[in-house]
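Participant: For reference, this is work25.txt, and it has compact mmCIF, C-alpha atoms.
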# COMPACT_ATOMS: atom_id res chain seq x y z
CA MET A 632 73.51 135.52 -173.90
CA ASN A 633 74.10 135.00 -170.19
CA PRO A 634 71.11 136.57 -168.39
CA ILE A 635 73.23 137.51 -165.37
CA SER A 636 73.70 141.25 -164.97
CA VAL A 637 76.73 142.74 -163.24
CA LEU A 638 76.99 146.32 -162.00
CA VAL A 639 80.61 147.48 -161.82
CA ILE A 640 81.21 150.52 -159.58
CA GLU A 641 84.74 151.70 -160.27
CA ASP A 642 85.93 155.28 -160.71
CA ASP A 643 89.13 154.42 -162.57
CA LYS A 644 87.80 154.57 -166.10
CA TRP A 645 90.46 152.35 -167.63
CA LEU A 646 90.19 149.71 -164.93
CA ALA A 647 86.42 149.73 -165.34
CA GLU A 648 86.91 149.21 -169.08
CA GLN A 649 89.20 146.30 -168.32
CA TYR A 650 86.55 144.66 -166.10
CA LYS A 651 84.01 145.20 -168.86
CA ARG A 652 86.27 143.48 -171.40
CA LEU A 653 86.50 140.44 -169.12
CA LEU A 654 82.78 140.36 -168.36
CA ASP A 655 81.78 140.90 -171.99
CA LYS A 656 84.00 137.98 -172.93
CA ALA A 657 82.18 135.80 -170.40
CA GLU A 658 78.89 137.09 -171.85
CA TYR A 659 77.59 138.78 -168.73
CA GLY A 660 75.41 141.85 -169.01
CA VAL A 661 77.58 144.70 -167.74
CA VAL A 662 76.78 148.21 -166.54
CA ILE A 663 79.63 150.50 -165.52
CA CYS A 664 79.21 153.24 -162.97
CA SER A 665 81.85 155.60 -161.56
CA SER A 666 80.25 156.73 -158.31
CA ALA A 667 78.20 155.39 -155.42
CA ASP A 668 75.61 158.15 -155.92
CA ASN A 669 74.94 157.17 -159.53
CA ALA A 670 74.97 153.51 -158.55
CA ILE A 671 71.97 153.98 -156.26
CA GLN A 672 69.96 155.36 -159.16
CA LEU A 673 71.01 152.51 -161.45
CA ILE A 674 70.16 149.90 -158.82
CA ASP A 675 66.75 151.54 -158.33
CA ASP A 676 66.11 151.31 -162.07
CA SER A 677 67.21 147.71 -162.47
CA LEU A 678 68.41 145.32 -159.79
CA PRO A 679 71.71 143.69 -160.81
CA ASP A 680 72.47 140.07 -159.96
CA VAL A 681 75.95 140.96 -158.70
CA ILE A 682 77.74 144.17 -157.76
CA VAL A 683 81.49 144.60 -158.21
CA LEU A 684 82.51 147.46 -155.96
CA ASP A 685 85.63 149.56 -155.49
CA ILE A 686 86.10 150.98 -151.99
CA LEU A 687 87.60 154.43 -152.64
CA LEU A 688 85.13 156.29 -154.80
CA THR A 689 84.42 159.88 -155.78
CA GLY A 690 81.65 161.44 -153.69
CA SER A 691 79.90 159.09 -151.28
CA THR A 692 82.06 156.19 -150.21
CA ALA A 693 81.42 152.54 -150.90
CA PHE A 694 80.53 152.09 -147.23
CA ALA A 695 77.66 154.58 -147.58
CA LEU A 696 76.42 152.52 -150.52
CA LEU A 697 76.70 149.29 -148.53
CA HIS A 698 74.61 150.82 -145.73
CA GLU A 699 72.04 152.04 -148.25
CA LEU A 700 71.73 148.64 -149.91
CA GLN A 701 71.22 146.94 -146.56
CA SER A 702 68.35 149.31 -145.78
CA TYR A 703 65.99 147.89 -148.39
CA GLY A 704 64.51 144.43 -148.70
CA ASP A 705 65.03 144.20 -152.46
CA THR A 706 68.69 145.21 -152.42
CA CYS A 707 70.03 143.67 -149.22
CA ASN A 708 70.51 140.26 -150.80
CA ILE A 709 72.47 141.36 -153.88
CA PRO A 710 75.87 139.67 -153.57
CA ILE A 711 78.75 142.13 -153.54
CA ILE A 712 82.33 141.55 -154.60
CA ILE A 713 84.80 144.18 -153.44
CA CYS A 714 87.79 144.87 -155.71
CA SER A 715 90.25 147.03 -153.84
CA SER A 716 93.91 147.73 -153.34
CA LEU A 717 93.23 148.20 -149.62
CA VAL A 718 92.44 144.59 -148.78
CA ASN A 719 94.75 144.63 -145.75
CA ASP A 720 92.42 147.17 -144.16
CA LEU A 721 89.26 145.18 -144.90
CA ASN A 722 87.74 142.38 -142.89
CA LEU A 723 85.45 140.01 -144.78
CA ASP A 724 83.82 138.77 -141.56
CA THR A 725 82.69 142.31 -140.74
CA LEU A 726 81.67 143.13 -144.29
CA LYS A 727 79.61 139.93 -144.63
CA ASP A 728 76.86 141.70 -142.70
CA TYR A 729 76.70 144.18 -145.59
CA GLY A 730 76.26 141.59 -148.31
CA VAL A 731 79.95 141.37 -149.22
CA LYS A 732 80.67 137.80 -150.31
CA LYS A 733 84.18 138.12 -151.64
CA ILE A 734 87.12 140.53 -151.55
CA LEU A 735 89.56 140.66 -154.47
CA ASP A 736 92.95 142.35 -154.20
CA LYS A 737 93.50 144.59 -157.23
CA THR A 738 97.24 144.30 -156.81
CA THR A 739 97.36 140.51 -157.05
CA MET A 740 94.22 139.41 -158.91
CA ILE A 741 94.49 137.86 -162.35
CA PRO A 742 91.89 138.37 -165.10
CA GLY A 743 90.19 135.03 -164.39
CA ASP A 744 89.63 135.87 -160.72
CA LEU A 745 86.74 138.24 -161.39
CA ILE A 746 84.74 135.68 -163.36
CA ALA A 747 85.55 132.98 -160.81
CA ALA A 748 84.40 135.26 -157.99
CA ILE A 749 81.10 136.03 -159.74
CA LYS A 750 80.46 132.35 -160.38
CA GLY A 751 81.35 131.64 -156.76
CA VAL A 752 78.97 134.16 -155.20
CA LEU A 753 76.09 133.10 -157.45
CA GLN A 754 76.34 129.44 -156.50
CA MET U 1258 126.35 148.15 -154.82
CA SER U 1259 124.04 147.38 -151.95
CA ALA U 1260 124.13 149.33 -148.73
CA ALA U 1261 125.78 147.80 -145.68
CA LYS U 1262 123.62 146.56 -142.83
CA GLY U 1263 124.70 149.52 -140.73
CA ASP U 1264 123.38 151.90 -143.38
CA HIS U 1265 119.97 150.28 -143.20
CA LYS U 1266 119.97 150.53 -139.43
CA GLU U 1267 120.84 154.22 -139.66
CA LEU U 1268 118.04 154.73 -142.14
CA LEU U 1269 115.52 153.05 -139.90
CA ASN U 1270 116.58 155.00 -136.83
CA GLY U 1271 116.90 158.32 -138.62
CA SER U 1272 114.95 160.43 -141.03
CA PHE U 1273 113.58 157.42 -142.86
CA THR U 1274 111.19 156.66 -140.01
CA ASP U 1275 110.21 160.33 -139.75
CA ASP U 1276 108.99 160.14 -143.34
CA LEU U 1277 106.88 157.03 -142.81
CA PRO U 1278 103.47 158.78 -143.20
CA SER U 1279 104.62 160.15 -146.54
CA LEU U 1280 106.01 156.78 -147.52
CA VAL U 1281 102.72 155.07 -146.72
CA ALA U 1282 100.89 157.70 -148.77
CA ALA U 1283 103.38 157.24 -151.63
CA ALA U 1284 102.91 153.48 -151.55
CA HIS U 1285 99.15 153.97 -151.64
CA GLU U 1286 99.35 156.43 -154.55
CA LEU U 1287 101.57 154.12 -156.56
CA LYS U 1288 99.41 151.06 -155.97
CA SER U 1289 96.61 152.18 -158.28
CA PRO U 1290 98.66 152.84 -161.44
CA LEU U 1291 100.80 149.75 -160.88
CA ALA U 1292 97.74 147.56 -160.33
CA LEU U 1293 96.19 148.95 -163.51
CA ILE U 1294 99.37 148.39 -165.54
CA ARG U 1295 99.52 144.83 -164.24
CA GLN U 1296 95.88 144.11 -165.09
CA LEU U 1297 96.28 145.50 -168.60
CA SER U 1298 99.53 143.61 -169.17
CA LEU U 1299 97.93 140.35 -168.08
CA MET U 1300 95.11 141.02 -170.52
CA LEU U 1301 97.64 141.42 -173.33
CA GLU U 1302 99.35 138.19 -172.27
CA GLU U 1303 96.07 136.31 -172.44
CA GLY U 1304 95.56 137.46 -176.04
CA GLU U 1305 92.24 137.03 -177.81
CA ILE U 1306 91.60 140.75 -177.97
CA SER U 1307 90.89 142.91 -180.97
CA ILE U 1308 93.61 144.96 -182.66
CA ASP U 1309 91.88 148.15 -181.55
CA ASP U 1310 91.76 147.01 -177.94
CA HIS U 1311 95.39 145.90 -178.18
CA LYS U 1312 96.45 149.39 -179.30
CA LYS U 1313 94.26 151.04 -176.69
CA ILE U 1314 95.68 148.92 -173.87
CA LEU U 1315 99.27 149.60 -174.92
CA ARG U 1316 98.53 153.35 -174.94
CA GLN U 1317 96.91 153.15 -171.51
CA ILE U 1318 99.91 151.24 -170.14
CA SER U 1319 102.38 153.86 -171.37
CA LEU U 1320 100.29 156.82 -170.14
CA THR U 1321 99.70 155.21 -166.75
CA SER U 1322 103.42 154.44 -166.44
CA GLU U 1323 104.24 158.09 -167.18
CA ARG U 1324 101.79 159.18 -164.51
CA ALA U 1325 103.39 156.87 -161.93
CA LEU U 1326 106.87 158.03 -162.94
CA ARG U 1327 105.86 161.65 -162.44
CA LEU U 1328 104.89 160.83 -158.89
CA THR U 1329 108.19 159.07 -158.15
CA SER U 1330 110.04 162.04 -159.62
CA ASP U 1331 108.05 164.46 -157.44
CA LEU U 1332 108.78 162.36 -154.38
CA THR U 1333 112.50 162.39 -155.08
CA LYS U 1334 112.46 166.15 -155.48
CA SER U 1335 110.35 166.58 -152.36
CA VAL U 1336 112.80 164.59 -150.23
CA ARG U 1337 115.75 166.61 -151.56
CA LEU U 1338 114.16 170.03 -151.16
CA THR U 1339 116.22 170.93 -148.12
CA ASP U 1340 119.52 169.89 -149.72
CA ALA U 1341 119.11 171.22 -153.23
CA MET U 1342 119.22 174.74 -154.55
CA PHE U 1343 116.28 175.78 -156.64
CA ASN U 1344 116.88 178.95 -158.60
CA LEU U 1345 114.04 181.43 -158.70
CA GLU U 1346 113.79 183.46 -161.87
CA PRO U 1347 111.24 185.52 -163.81
CA ILE U 1348 108.97 183.14 -165.67
CA ASN U 1349 106.17 183.66 -168.14
CA PRO U 1350 103.26 181.75 -166.51
CA LYS U 1351 101.26 181.59 -169.71
CA GLN U 1352 104.09 179.93 -171.58
CA LEU U 1353 104.66 177.44 -168.75
CA CYS U 1354 100.97 176.56 -168.67
CA GLU U 1355 100.99 176.09 -172.44
CA ASP U 1356 103.84 173.61 -171.98
CA VAL U 1357 101.77 171.71 -169.40
CA VAL U 1358 98.74 171.65 -171.70
CA SER U 1359 100.93 170.33 -174.51
CA GLU U 1360 102.52 167.67 -172.27
CA LEU U 1361 99.27 166.42 -170.73
CA SER U 1362 97.00 166.63 -173.78
CA PRO U 1363 97.64 163.02 -174.86
CA LEU U 1364 96.66 161.81 -171.37
CA PHE U 1365 93.49 163.92 -171.37
CA LEU U 1366 92.65 162.86 -174.91
CA ALA U 1367 92.96 159.20 -173.92
CA HIS U 1368 90.44 159.92 -171.16
CA GLU U 1369 88.19 161.71 -173.66
CA ARG U 1370 88.65 165.00 -171.84
CA LYS U 1371 90.17 168.34 -172.74
CA LEU U 1372 92.74 170.47 -170.97
CA ARG U 1373 92.78 174.13 -171.98
CA LEU U 1374 94.43 177.34 -170.95
CA VAL U 1375 92.50 180.47 -170.02
CA SER U 1376 94.80 183.48 -169.88
CA ARG U 1377 95.27 187.02 -171.04
CA LYS U 1378 97.42 187.42 -174.12
CA HIS U 1379 100.15 189.11 -172.07
CA SER U 1380 100.50 187.82 -168.56
CA THR U 1381 102.76 189.30 -165.90
CA LEU U 1382 106.02 187.46 -165.22
CA ILE U 1383 106.27 185.64 -161.90
CA ILE U 1384 109.18 184.72 -159.67
CA ALA U 1385 109.37 180.94 -159.57
CA ASN U 1386 111.37 177.84 -160.30
CA ARG U 1387 110.24 176.58 -163.67
CA ASP U 1388 110.54 172.88 -162.84
CA LEU U 1389 108.81 173.05 -159.46
CA LEU U 1390 105.99 175.23 -160.77
CA LYS U 1391 105.42 172.96 -163.73
CA ARG U 1392 105.16 169.99 -161.38
CA ILE U 1393 102.58 171.79 -159.24
CA ILE U 1394 100.39 172.54 -162.26
CA ILE U 1395 100.79 168.98 -163.55
CA ASN U 1396 99.81 167.68 -160.11
CA PHE U 1397 96.69 169.82 -160.02
CA SER U 1398 95.82 168.81 -163.59
CA ASP U 1399 96.30 165.12 -162.82
CA ASN U 1400 94.00 165.55 -159.84
CA ALA U 1401 91.42 167.38 -161.95
CA LEU U 1402 91.54 164.70 -164.63
CA HIS U 1403 90.49 162.10 -162.12
CA TYR U 1404 87.57 164.09 -160.72
CA ALA U 1405 86.28 165.90 -163.81
CA LYS U 1406 83.01 164.70 -165.26
CA ASP U 1407 83.09 162.69 -168.48
CA SER U 1408 83.78 164.84 -171.55
CA SER U 1409 84.17 167.99 -169.46
CA ALA U 1410 87.12 170.31 -169.93
CA VAL U 1411 89.69 171.10 -167.27
CA GLU U 1412 90.86 174.72 -167.33
CA ILE U 1413 94.20 176.16 -166.32
CA LYS U 1414 93.68 179.83 -165.49
CA VAL U 1415 96.26 182.55 -165.00
CA SER U 1416 94.91 185.58 -163.14
CA SER U 1417 96.20 188.62 -161.31
CA HIS U 1418 95.42 189.46 -157.65
CA SER U 1419 96.34 191.99 -154.96
CA SER U 1420 96.74 194.83 -157.44
CA GLY U 1421 98.93 192.74 -159.64
CA ARG U 1422 101.43 191.78 -156.93
CA ILE U 1423 100.22 188.17 -156.85
CA ILE U 1424 99.70 185.94 -159.88
CA ARG U 1425 97.42 182.96 -159.42
CA LEU U 1426 97.70 179.80 -161.52
CA GLY U 1427 94.60 177.73 -160.93
CA VAL U 1428 93.30 174.43 -162.26
CA ARG U 1429 89.51 174.25 -162.41
CA ASP U 1430 87.66 170.95 -162.70
CA TYR U 1431 83.96 170.42 -163.31
CA GLY U 1432 83.20 167.42 -161.17
CA PRO U 1433 81.47 166.56 -157.90
CA ALA U 1434 81.60 169.32 -155.30
CA LEU U 1435 83.83 168.72 -152.31
CA PRO U 1436 81.90 167.85 -149.15
CA ILE U 1437 81.85 170.92 -146.90
CA ASP U 1438 83.64 169.17 -144.02
CA THR U 1439 86.44 168.10 -146.37
CA PHE U 1440 86.65 171.65 -147.68
CA LYS U 1441 86.95 173.15 -144.18
CA LYS U 1442 89.61 170.63 -143.24
CA LEU U 1443 91.51 171.48 -146.40
CA GLN U 1444 91.31 175.21 -145.83
CA SER U 1445 92.93 174.92 -142.43
CA LYS U 1446 95.61 172.42 -143.39
CA LEU U 1447 96.44 173.12 -147.00
CA SER U 1448 99.44 175.37 -146.68
CA ASN U 1449 101.38 173.90 -143.78
CA SER U 1450 100.23 170.41 -143.00
CA PRO U 1451 103.01 168.16 -141.72
CA MET U 1452 101.06 165.23 -143.14
CA PRO U 1453 99.53 164.51 -146.52
CA VAL U 1454 96.21 166.35 -146.90
CA TYR U 1455 93.23 164.30 -147.93
CA ALA U 1456 91.74 166.34 -150.74
CA ARG U 1457 89.07 163.90 -151.62
CA PRO U 1458 88.00 160.61 -150.05
CA GLN U 1459 90.00 158.37 -152.36
CA SER U 1460 93.13 160.48 -152.43
CA SER U 1461 96.09 160.07 -150.13
CA GLY U 1462 96.67 163.81 -150.54
CA LEU U 1463 100.31 163.25 -151.34
CA GLY U 1464 100.21 165.29 -154.54
CA LEU U 1465 98.85 168.32 -152.67
CA TYR U 1466 101.36 167.90 -149.90
CA ILE U 1467 104.25 167.85 -152.38
CA SER U 1468 102.77 170.82 -154.26
CA SER U 1469 102.55 172.71 -150.98
CA GLN U 1470 106.23 172.05 -150.31
CA PHE U 1471 107.21 173.15 -153.82
CA ALA U 1472 105.16 176.36 -153.49
CA ASP U 1473 106.79 177.12 -150.15
CA ILE U 1474 110.27 176.95 -151.70
CA MET U 1475 109.13 179.60 -154.21
CA ASN U 1476 107.69 181.85 -151.44
CA GLY U 1477 104.22 181.04 -152.67
CA ASN U 1478 101.32 179.08 -151.33
CA ILE U 1479 98.62 176.79 -152.59
CA GLY U 1480 94.92 176.89 -151.91
CA MET U 1481 91.60 175.70 -153.18
CA MET U 1482 88.12 176.98 -153.91
CA ARG U 1483 84.99 174.92 -153.74
CA HIS U 1484 82.44 175.39 -156.50
CA ARG U 1485 78.93 174.05 -156.86
CA ASP U 1486 80.16 171.97 -159.76
CA GLY U 1487 83.77 171.18 -158.96
CA ALA U 1488 86.86 172.76 -157.48
CA THR U 1489 89.81 174.97 -158.29
CA PHE U 1490 93.25 174.22 -156.88
CA TYR U 1491 95.66 177.12 -157.22
CA VAL U 1492 99.12 178.35 -156.47
CA ASP U 1493 99.77 182.03 -155.69
CA LEU U 1494 103.19 183.44 -156.58
CA GLN U 1495 104.78 186.85 -156.48
CA ALA U 1496 104.75 188.88 -159.66
CA SER U 1497 108.14 189.85 -161.03
CA ARG U 1498 109.02 193.52 -160.95
CA GLN U 1499 110.95 193.07 -164.17
CA MET U 1500 109.33 194.55 -167.21
CA ASN U 1501 107.40 191.93 -169.07
CA LEU U 1502 109.25 191.68 -172.34
CA LEU U 1503 107.23 188.82 -173.72
Just give me the structure as structure tokens.

Facilitator:
Amino acid sequence: MNPISVLVIEDDKWLAEQYKRLLDKAEYGVVICSSADNAIQLIDDSLPDVIVLDILLTGSTAFALLHELQSYGDTCNIPIIICSSLVNDLNLDTLKDYGVKKILDKTTMIPGDLIAAIKGVLQ
Amino acid sequence: MSAAKGDHKELLNGSFTDDLPSLVAAAHELKSPLALIRQLSLMLEEGEISIDDHKKILRQISLTSERALRLTSDLTKSVRLTDAMFNLEPINPKQLCEDVVSELSPLFLAHERKLRLVSRKHSTLIIANRDLLKRIIINFSDNALHYAKDSSAVEIKVSSHSSGRIIRLGVRDYGPALPIDTFKKLQSKLSNSPMPVYARPQSSGLGLYISSQFADIMNGNIGMMRHRDGATFYVDLQASRQMNLL
């Protein structure tokens, strides 16, 4: 069993399931969460090695979560991969300050991209 | 046959450009289901998945496609509202809502949620266009599906207001409460916004905008109520003066 734990924050249930299929196959430990508010609680309980984050979420936005994570010493270094269909509106250089290491475009990514991105940010 | 270059130029200089905000919202709304369909299809192509997962993915692809197609159909109708004639007739709201529940139940079931109707046995007839009203209720239900908590039920309610002169068809979800600033913005813009209304942070608001247009054609209006544990989106329509024979 791969000891690496991945927290997926995605409010589209079926897309989250799809990510889980991919991550299970690669033998990562996966926790799915549908909102930024619940994610904070989960991160408090157990720090993940990587966070896969959607931008448009129910309730608090992903940006509120990014700010929150940067506020604490134990969470500010968790690498974050953003999976979004709004990549044209996102700037990796700006988001790097918030722990974002990689941005994946939901509309063009292929199944292998998620695993490759996780491997990449953990190197 | 493709349009001539001149036609394109006319489109760009004319109403086409006036509709750009709606087009951007439409593109945004369609991105999510299309991206999901693509991801699921690629997973099927890769193979090495269980038979159960295979069946589940195929079902999700077809239901997501239907959802996207409903949006394109609404958009087409919305654009043609000024040109087309939409007959208004006495309609049994309970029966129409039952049709919606029947049509959307497979989608809700696939999301492990329930859609149910709450109505009196005999509801007053309303003056409406069956197709437009059905699309409004489907829009609200689609919206509720996305925001309802896991395993919670979404309720379609038919109720009478203003001494029976107004019939309200509402869709109640049990999900996160709307932020108060979003709610206030909605209240002021809901009925006559020239732009899509952002109902919730991740929504382009296009569905509500289209619903508002459809309600307007039927001399009705849409609105919303904020609850501690969710929201109700509703459409108010005039009751028919015809005797309710159903």

Participant: Mind checking which residues fall within 10 Å of segment 1377-1382 of chain U, counting only C-alpha atoms, ignoring those fewer than 4 positions away in the same chain, and posting them as a tab-separated table (two decimals) with C-alpha atoms, in the frame of the given file?

Facilitator:
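Produced file selection-v5.tsv, reproduced below:
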chain	number	residue	atom	x	y	z
U	1346	GLU	CA	113.79	183.46	-161.87
U	1347	PRO	CA	111.24	185.52	-163.81
U	1348	ILE	CA	108.97	183.14	-165.67
U	1349	ASN	CA	106.17	183.66	-168.14
U	1350	PRO	CA	103.26	181.75	-166.51
U	1351	LYS	CA	101.26	181.59	-169.71
U	1352	GLN	CA	104.09	179.93	-171.58
U	1414	LYS	CA	93.68	179.83	-165.49
U	1415	VAL	CA	96.26	182.55	-165.00
U	1416	SER	CA	94.91	185.58	-163.14
U	1417	SER	CA	96.20	188.62	-161.31
U	1421	GLY	CA	98.93	192.74	-159.64
U	1422	ARG	CA	101.43	191.78	-156.93
U	1423	ILE	CA	100.22	188.17	-156.85
U	1424	ILE	CA	99.70	185.94	-159.88
U	1494	LEU	CA	103.19	183.44	-156.58
U	1495	GLN	CA	104.78	186.85	-156.48
U	1496	ALA	CA	104.75	188.88	-159.66
U	1497	SER	CA	108.14	189.85	-161.03
U	1498	ARG	CA	109.02	193.52	-160.95
U	1499	GLN	CA	110.95	193.07	-164.17
U	1500	MET	CA	109.33	194.55	-167.21
U	1501	ASN	CA	107.40	191.93	-169.07
U	1502	LEU	CA	109.25	191.68	-172.34
U	1503	LEU	CA	107.23	188.82	-173.72

Participant: Please compute the atom CA of Tyr1466 of chain U-atom CA of Val1357 of chain U distance, one decimal, in Å.

Facilitator: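 Value for the atom CA of Tyr1466 of chain U-atom CA of Val1357 of chain U distance: 19.9 Å.
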
Participant: Sorted by chain and rising residue number, list the residues of chain A at most 9 Å from chain U (counting only C-alpha atoms), each with its closest atom pair and distance in Å to one decimal, as JSON lines.

Facilitator:
{"residue": "A:Asp642", "atom": "CA", "partner": "U:His1403", "partner_atom": "CA", "distance": 8.3}
{"residue": "A:Asp643", "atom": "CA", "partner": "U:His1403", "partner_atom": "CA", "distance": 7.8}
{"residue": "A:Lys644", "atom": "CA", "partner": "U:His1368", "partner_atom": "CA", "distance": 7.8}
{"residue": "A:Trp645", "atom": "CA", "partner": "U:Gln1317", "partner_atom": "CA", "distance": 7.6}
{"residue": "A:Leu646", "atom": "CA", "partner": "U:Leu1293", "partner_atom": "CA", "distance": 6.2}
{"residue": "A:Gln649", "atom": "CA", "partner": "U:Leu1297", "partner_atom": "CA", "distance": 7.1}
{"residue": "A:Arg652", "atom": "CA", "partner": "U:Ile1306", "partner_atom": "CA", "distance": 8.9}
{"residue": "A:Leu653", "atom": "CA", "partner": "U:Met1300", "partner_atom": "CA", "distance": 8.7}
{"residue": "A:Ile686", "atom": "CA", "partner": "U:Gln1459", "partner_atom": "CA", "distance": 8.4}
{"residue": "A:Leu687", "atom": "CA", "partner": "U:Gln1459", "partner_atom": "CA", "distance": 4.6}
{"residue": "A:Leu688", "atom": "CA", "partner": "U:Gln1459", "partner_atom": "CA", "distance": 5.8}
{"residue": "A:Thr689", "atom": "CA", "partner": "U:Gln1459", "partner_atom": "CA", "distance": 6.7}
{"residue": "A:Gly690", "atom": "CA", "partner": "U:Pro1433", "partner_atom": "CA", "distance": 6.6}
{"residue": "A:Ser691", "atom": "CA", "partner": "U:Pro1458", "partner_atom": "CA", "distance": 8.3}
{"residue": "A:Thr692", "atom": "CA", "partner": "U:Pro1458", "partner_atom": "CA", "distance": 7.4}
{"residue": "A:Ser716", "atom": "CA", "partner": "U:Lys1288", "partner_atom": "CA", "distance": 6.9}
{"residue": "A:Leu717", "atom": "CA", "partner": "U:His1285", "partner_atom": "CA", "distance": 8.5}
{"residue": "A:Lys737", "atom": "CA", "partner": "U:Ala1292", "partner_atom": "CA", "distance": 6.0}
{"residue": "A:Thr738", "atom": "CA", "partner": "U:Ala1292", "partner_atom": "CA", "distance": 4.8}
{"residue": "A:Thr739", "atom": "CA", "partner": "U:Ala1292", "partner_atom": "CA", "distance": 7.8}
{"residue": "A:Met740", "atom": "CA", "partner": "U:Gln1296", "partner_atom": "CA", "distance": 7.9}
{"residue": "A:Ile741", "atom": "CA", "partner": "U:Gln1296", "partner_atom": "CA", "distance": 7.0}
{"residue": "A:Pro742", "atom": "CA", "partner": "U:Met1300", "partner_atom": "CA", "distance": 6.8}

Participant: Please identify all polymer residues within 12 Å of Leu678 of chain A, counting all atoms listed in the file, omitting same-chain residues fewer than 3 positions from it, and present them as a list in words.

Facilitator: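 Here the answer would be Ile635, Ser636, Val637, Leu638, Val662, Ala670, Ile671, Gln672, Leu673, Ile674, Asp675, Val681, Ile682, Leu700, Tyr703, Gly704, Asp705, Thr706, Cys707, Asn708, Ile709 and Pro710 of chain A.
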
Participant: Hey, can you check how far atom CA of Gly1480 of chain U sits from atom CA of Arg1324 of chain U?

Facilitator: 22.8 Å
